[in-house]
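K.L.:
Mind having a look at this structure? Questions to follow.
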Amino acid sequence: MRTTDTGPTRTAVITGASSGIGAAVARALARDSFEVVLTARRTDRLEAVAKEISAGGGSARVFPLDVTDRKAVLAFAAQLPSCDVLVNNAGGAYGTEYVENADPDDWRSMYEVNVVGALQMTQALLPSLRASGDGVVVAISSTASFTCYEGGGGYSAAKHGAHVLAETLRLEVCGEPLRVIEIAPGMVHTEEFSLNRYRGDLNKADAVYAGVPDPLVADDVADVVTWAVTRPPHVNIDLMVVRPRAQAAQHKVHRTS
Ligand code: 8X3
């Protein structure tokens with residue numbers, strides 16, 4: 001284990017770290033002296049983020065990984081020397097169809113990545129997190145974990161599942177040196193989230209944020225994650241909902257045009 005003037009270097013694993021919130025969390029934790037391990041499916045994107053972190057003096061490694069692939073997740077965990085923080089960020093929304101017309105395969109895919117992927121990563125890394133003496137599991141859920149909206153059924157169902165995973169885990173590890181933190185972002189303008197939801201239709205994706213003064217950006221969420229993770233070990237931030245000022249509730253969004 002490397003050490004710094006302020007103590008041993010802590011290792012943070014971030015899933016979905018190739019872009020958006022995951023990449024921003026990796027950058028922010030690296031700035032806070034964590035050694036970050038970036039995982040996602042796209043190696044070239046991971047390497048670009050890691051290069052940027054290294055150029056800024058941070059320590060970053062990449063490991064291409066699909067969190068829905070159980071064997072790959074176990075192989076990843078087996079080669080990891082230690083882990084203090086796991087950020088379960090990989091996820092996404094596919095489609096905006098109403099329940100009546102939704103494709104069950106989209107619902108399965110959303111459940112697989114948002115819930116089963118987080119479950120598999122958590123199971124694989126719990127021994128290391130426990131051994132850390134202050135292990136932290138961060139669930140990046142969503143305001144959709146607590147509410148529903150038209151066309152968002154599959155995503156909301158999956159994010160409700162991500163919330164239940166975090167809540168259940170916190171109960172089950174109570175008494176151990178483990179914290180379980182859930183960060184639930186509202187409207188965050190990232191390059192890919194809405195684009196994936198609208199299956200690559202840029203106009204529809206952009207319309208989500210049209211006229212909204214200052215939606216959150218990935219760095220806002222990364223800031224909150226870093227703050228929550230770096231509280232003293234006895235302080236567990238159970239759940240933090242973070243929205244832009246312009247979004248008072250899921251359906252209550254202020255737009256200037
Ligand atoms: C994303 C927030 O409003 O698209 O997790 O459901 S929302």
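Here, A, B, ... name the chains of the structure tokens in the order displayed, residue numbers run from 1 inside each chain, and ligands are numbered from 1 in the same displayed order.
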Per residue of chain A within 7 Å of ligand 1, which atom pair is closest and at what distance in Å (one decimal), using only C-alpha atoms and all ligand atoms, listed by chain and increasing number, as JSON lines?

P.N.:
{"residue": "A:Ser141", "atom": "CA", "partner": "ligand 1", "partner_atom_place_in_ligand_line": "5 (O)", "distance": 6.9}
{"residue": "A:Ser142", "atom": "CA", "partner": "ligand 1", "partner_atom_place_in_ligand_line": "5 (O)", "distance": 4.2}
{"residue": "A:Thr143", "atom": "CA", "partner": "ligand 1", "partner_atom_place_in_ligand_line": "2 (C)", "distance": 5.6}
{"residue": "A:Ala144", "atom": "CA", "partner": "ligand 1", "partner_atom_place_in_ligand_line": "6 (O)", "distance": 4.5}
{"residue": "A:Ser156", "atom": "CA", "partner": "ligand 1", "partner_atom_place_in_ligand_line": "6 (O)", "distance": 6.9}
{"residue": "A:Pro185", "atom": "CA", "partner": "ligand 1", "partner_atom_place_in_ligand_line": "5 (O)", "distance": 6.0}
{"residue": "A:Gly186", "atom": "CA", "partner": "ligand 1", "partner_atom_place_in_ligand_line": "2 (C)", "distance": 4.4}
{"residue": "A:Met187", "atom": "CA", "partner": "ligand 1", "partner_atom_place_in_ligand_line": "2 (C)", "distance": 5.1}
{"residue": "A:Val188", "atom": "CA", "partner": "ligand 1", "partner_atom_place_in_ligand_line": "1 (C)", "distance": 6.8}
{"residue": "A:Gln250", "atom": "CA", "partner": "ligand 1", "partner_atom_place_in_ligand_line": "3 (O)", "distance": 6.0}

K.L.:
Next, the residues of the selection above should be written as a PDB file, in the first residue's frame with all heavy atoms.

P.N.:
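What follows is the written file selection07.pdb:
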ATOM      1  N   SER A 141     -27.878   6.574  -7.282  1.00  0.00           N
ATOM      2  CA  SER A 141     -29.225   6.199  -7.702  1.00  0.00           C
ATOM      3  C   SER A 141     -29.807   7.359  -8.509  1.00  0.00           C
ATOM      4  O   SER A 141     -29.166   7.838  -9.444  1.00  0.00           O
ATOM      5  CB  SER A 141     -30.091   5.796  -6.504  1.00  0.00           C
ATOM      6  OG  SER A 141     -30.307   6.894  -5.639  1.00  0.00           O
ATOM      7  N   SER A 142     -30.960   7.853  -8.139  1.00  0.00           N
ATOM      8  CA  SER A 142     -31.612   8.900  -8.940  1.00  0.00           C
ATOM      9  C   SER A 142     -32.825   9.398  -8.177  1.00  0.00           C
ATOM     10  O   SER A 142     -33.355   8.693  -7.304  1.00  0.00           O
ATOM     11  CB  SER A 142     -32.069   8.294 -10.273  1.00  0.00           C
ATOM     12  OG  SER A 142     -32.927   9.173 -10.964  1.00  0.00           O
ATOM     13  N   THR A 143     -33.288  10.590  -8.536  1.00  0.00           N
ATOM     14  CA  THR A 143     -34.589  11.000  -8.004  1.00  0.00           C
ATOM     15  C   THR A 143     -35.683  10.056  -8.505  1.00  0.00           C
ATOM     16  O   THR A 143     -36.737   9.934  -7.883  1.00  0.00           O
ATOM     17  CB  THR A 143     -34.913  12.448  -8.417  1.00  0.00           C
ATOM     18  OG1 THR A 143     -34.696  12.582  -9.827  1.00  0.00           O
ATOM     19  CG2 THR A 143     -34.039  13.441  -7.675  1.00  0.00           C
ATOM     20  N   ALA A 144     -35.394   9.343  -9.601  1.00  0.00           N
ATOM     21  CA  ALA A 144     -36.342   8.342 -10.105  1.00  0.00           C
ATOM     22  C   ALA A 144     -36.419   7.129  -9.179  1.00  0.00           C
ATOM     23  O   ALA A 144     -37.264   6.256  -9.378  1.00  0.00           O
ATOM     24  CB  ALA A 144     -35.947   7.905 -11.519  1.00  0.00           C
ATOM     25  N   SER A 156     -37.285   3.955 -13.717  1.00  0.00           N
ATOM     26  CA  SER A 156     -37.678   4.219 -12.339  1.00  0.00           C
ATOM     27  C   SER A 156     -37.743   2.916 -11.537  1.00  0.00           C
ATOM     28  O   SER A 156     -37.312   2.861 -10.377  1.00  0.00           O
ATOM     29  CB  SER A 156     -39.031   4.942 -12.336  1.00  0.00           C
ATOM     30  OG  SER A 156     -39.335   5.372 -11.054  1.00  0.00           O
ATOM     31  N   PRO A 185     -29.199  11.855  -7.719  1.00  0.00           N
ATOM     32  CA  PRO A 185     -29.247  13.100  -8.501  1.00  0.00           C
ATOM     33  C   PRO A 185     -30.558  13.247  -9.273  1.00  0.00           C
ATOM     34  O   PRO A 185     -31.152  12.274  -9.718  1.00  0.00           O
ATOM     35  CB  PRO A 185     -28.081  12.954  -9.488  1.00  0.00           C
ATOM     36  CG  PRO A 185     -27.329  11.719  -9.097  1.00  0.00           C
ATOM     37  CD  PRO A 185     -28.302  10.870  -8.331  1.00  0.00           C
ATOM     38  N   GLY A 186     -30.954  14.500  -9.448  1.00  0.00           N
ATOM     39  CA  GLY A 186     -32.070  14.827 -10.323  1.00  0.00           C
ATOM     40  C   GLY A 186     -31.543  15.115 -11.718  1.00  0.00           C
ATOM     41  O   GLY A 186     -30.765  14.333 -12.273  1.00  0.00           O
ATOM     42  N   MET A 187     -31.924  16.256 -12.268  1.00  0.00           N
ATOM     43  CA  MET A 187     -31.547  16.582 -13.648  1.00  0.00           C
ATOM     44  C   MET A 187     -30.056  16.940 -13.755  1.00  0.00           C
ATOM     45  O   MET A 187     -29.620  17.973 -13.239  1.00  0.00           O
ATOM     46  CB  MET A 187     -32.402  17.751 -14.142  1.00  0.00           C
ATOM     47  CG  MET A 187     -32.120  18.130 -15.576  1.00  0.00           C
ATOM     48  SD  MET A 187     -33.084  19.565 -16.095  1.00  0.00           S
ATOM     49  CE  MET A 187     -34.601  18.776 -16.598  1.00  0.00           C
ATOM     50  N   VAL A 188     -29.308  16.079 -14.407  1.00  0.00           N
ATOM     51  CA  VAL A 188     -27.874  16.311 -14.615  1.00  0.00           C
ATOM     52  C   VAL A 188     -27.618  16.281 -16.118  1.00  0.00           C
ATOM     53  O   VAL A 188     -27.941  15.293 -16.786  1.00  0.00           O
ATOM     54  CB  VAL A 188     -27.012  15.199 -13.964  1.00  0.00           C
ATOM     55  CG1 VAL A 188     -25.528  15.558 -14.062  1.00  0.00           C
ATOM     56  CG2 VAL A 188     -27.410  14.967 -12.515  1.00  0.00           C
ATOM     57  N   GLN A 250     -39.809  16.305  -9.673  1.00  0.00           N
ATOM     58  CA  GLN A 250     -39.617  15.650 -10.977  1.00  0.00           C
ATOM     59  C   GLN A 250     -40.347  16.374 -12.109  1.00  0.00           C
ATOM     60  O   GLN A 250     -39.803  16.594 -13.180  1.00  0.00           O
ATOM     61  CB  GLN A 250     -40.105  14.197 -10.883  1.00  0.00           C
ATOM     62  CG  GLN A 250     -39.524  13.292 -11.944  1.00  0.00           C
ATOM     63  CD  GLN A 250     -38.067  12.925 -11.628  1.00  0.00           C
ATOM     64  OE1 GLN A 250     -37.644  13.005 -10.490  1.00  0.00           O
ATOM     65  NE2 GLN A 250     -37.307  12.570 -12.635  1.00  0.00           N
TER      66      GLN A 250
END

K.L.:
Applying 10 Å and only C-alpha atoms, which residues near A:Met121 remain after dropping the ones on its own chain fewer than 5 positions away? List them as a list in words.

P.N.:
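Neighbouring residues, sequence-local ones excluded: Val13, Thr15, Val67, Thr68, Asp69, Arg70, Val73, Leu74, Phe76, Ala77, Leu86, Val87, Asn88, Val116, Leu126 and Val137 of chain A.
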
K.L.:
Suppose you want the space between atom CA of A:Ala30 and atom CA of A:Ala162; what is it in Å?

P.N.:
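Going from atom CA of A:Ala30 over to atom CA of A:Ala162 covers 25.3 Å.
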
K.L.:
When you draw a straight line from atom CA of A:Pro244 to atom CA of A:Val208, how long is it in Å?

P.N.:
13.5 Å

K.L.:
By how many Å are atom CA of A:Tyr198 and atom CA of A:Pro213 apart?

P.N.:
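Separation between atom CA of A:Tyr198 and atom CA of A:Pro213: 21.7 Å.
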
K.L.:
So, with only C-alpha atoms as the atoms that count, which of A:Ala207, A:Ala124, A:Val113, A:Leu129 lies closest to A:Leu195?

P.N.:
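Of the candidates, the smallest distance to A:Leu195 is held by A:Ala207.
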
K.L.:
Name all residues at most 12 Å from A:Ala26 (count only C-alpha atoms; drop same-chain ones fewer than 2 positions away) and give them as a PyMOL selection string.

P.N.:
chain A and resi 11-24+28-40+46+49-54+58-62+85-89+218-219+221-223+225-226

K.L.:
Apply DSSP to the backbone of this structure and, from stretch 54-213 of chain A, keep only the residues in strand (DSSP E); write these as number ranges by chain.

P.N.:
A: 59-64, 85-88, 135-140, 178-185

K.L.:
Grab the residues selected above and save them as a CSV table (one decimal), in the first residue's frame with C-alpha atoms.

P.N.:
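Final output, saved to part_24.csv:
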chain,number,residue,atom,x,y,z
A,59,SER,CA,-3.0,8.0,-9.7
A,60,ALA,CA,-5.4,6.1,-12.0
A,61,ARG,CA,-5.6,2.6,-13.4
A,62,VAL,CA,-8.1,1.3,-15.9
A,63,PHE,CA,-9.9,-2.1,-16.0
A,64,PRO,CA,-12.3,-2.7,-18.9
A,85,VAL,CA,-14.4,2.8,-1.8
A,86,LEU,CA,-16.7,1.4,-4.4
A,87,VAL,CA,-18.8,3.8,-6.4
A,88,ASN,CA,-21.6,1.9,-8.1
A,135,GLY,CA,-15.1,0.6,3.5
A,136,VAL,CA,-17.5,2.7,1.7
A,137,VAL,CA,-20.1,1.7,-0.9
A,138,VAL,CA,-21.6,4.6,-2.8
A,139,ALA,CA,-24.8,4.0,-4.8
A,140,ILE,CA,-25.5,6.6,-7.5
A,178,LEU,CA,-18.7,-0.3,6.3
A,179,ARG,CA,-20.6,2.7,5.2
A,180,VAL,CA,-23.4,2.7,2.6
A,181,ILE,CA,-24.0,6.1,1.0
A,182,GLU,CA,-26.7,6.8,-1.6
A,183,ILE,CA,-26.6,9.9,-3.8
A,184,ALA,CA,-29.7,10.5,-5.8
A,185,PRO,CA,-29.2,13.1,-8.5

K.L.:
Using only C-alpha atoms for the distances, tell me which of A:Asp214, A:Asp238, A:Asp206, A:Asp106 is nearest to A:Thr256.

P.N.:
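Residue with the minimum atom-to-atom distance to A:Thr256: A:Asp214.
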
K.L.:
Taking only stretch 30-223 of chain A into account, list the residues labelled helix (DSSP H, G or I) by DSSP (computed from the backbone), as an MDAnalysis selection string.

P.N.:
chainID A and resid 30:31 43:55 70:79 99:101 104:132 143:145 153:172 193:197 202:207 218:223

K.L.:
Of the candidates A:Arg10, A:Arg255, A:Arg108, A:Lys159, which shows the shortest atom-to-atom distance to A:Thr230, using only C-alpha atoms?

P.N.:
A:Arg10

K.L.:
I need the residue nearest A:Leu119 from this list: A:His163, A:His189, A:Arg245, A:Arg231. Use only C-alpha atoms for the distance.

P.N.:
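That would be A:His163, the residue with the smallest distance to A:Leu119.
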
K.L.:
With a cut-off of 8 Å, could you pull out the residues of stretch 143-217 of chain A touching stretch 93-97 of chain A and give me the nearest pair of atoms for each, distance in Å to one decimal, using only C-alpha atoms, ordered by chain and ascending number, as JSON lines?

P.N.:
{"residue": "A:Gly151", "atom": "CA", "partner": "A:Thr96", "partner_atom": "CA", "distance": 4.5}
{"residue": "A:Gly152", "atom": "CA", "partner": "A:Thr96", "partner_atom": "CA", "distance": 5.9}
{"residue": "A:Gly154", "atom": "CA", "partner": "A:Ala93", "partner_atom": "CA", "distance": 7.9}
{"residue": "A:Tyr155", "atom": "CA", "partner": "A:Ala93", "partner_atom": "CA", "distance": 5.4}
{"residue": "A:Phe193", "atom": "CA", "partner": "A:Ala93", "partner_atom": "CA", "distance": 7.1}
{"residue": "A:Ser194", "atom": "CA", "partner": "A:Ala93", "partner_atom": "CA", "distance": 7.7}
{"residue": "A:Asn196", "atom": "CA", "partner": "A:Tyr94", "partner_atom": "CA", "distance": 6.1}
{"residue": "A:Arg197", "atom": "CA", "partner": "A:Tyr94", "partner_atom": "CA", "distance": 4.4}
{"residue": "A:Tyr198", "atom": "CA", "partner": "A:Gly95", "partner_atom": "CA", "distance": 5.8}
{"residue": "A:Arg199", "atom": "CA", "partner": "A:Gly95", "partner_atom": "CA", "distance": 6.8}

K.L.:
With distances taken over only C-alpha atoms, which residue among A:Ala131, A:Cys83, A:Ala78, A:Leu165 lies nearest A:Val115?

P.N.:
A:Leu165
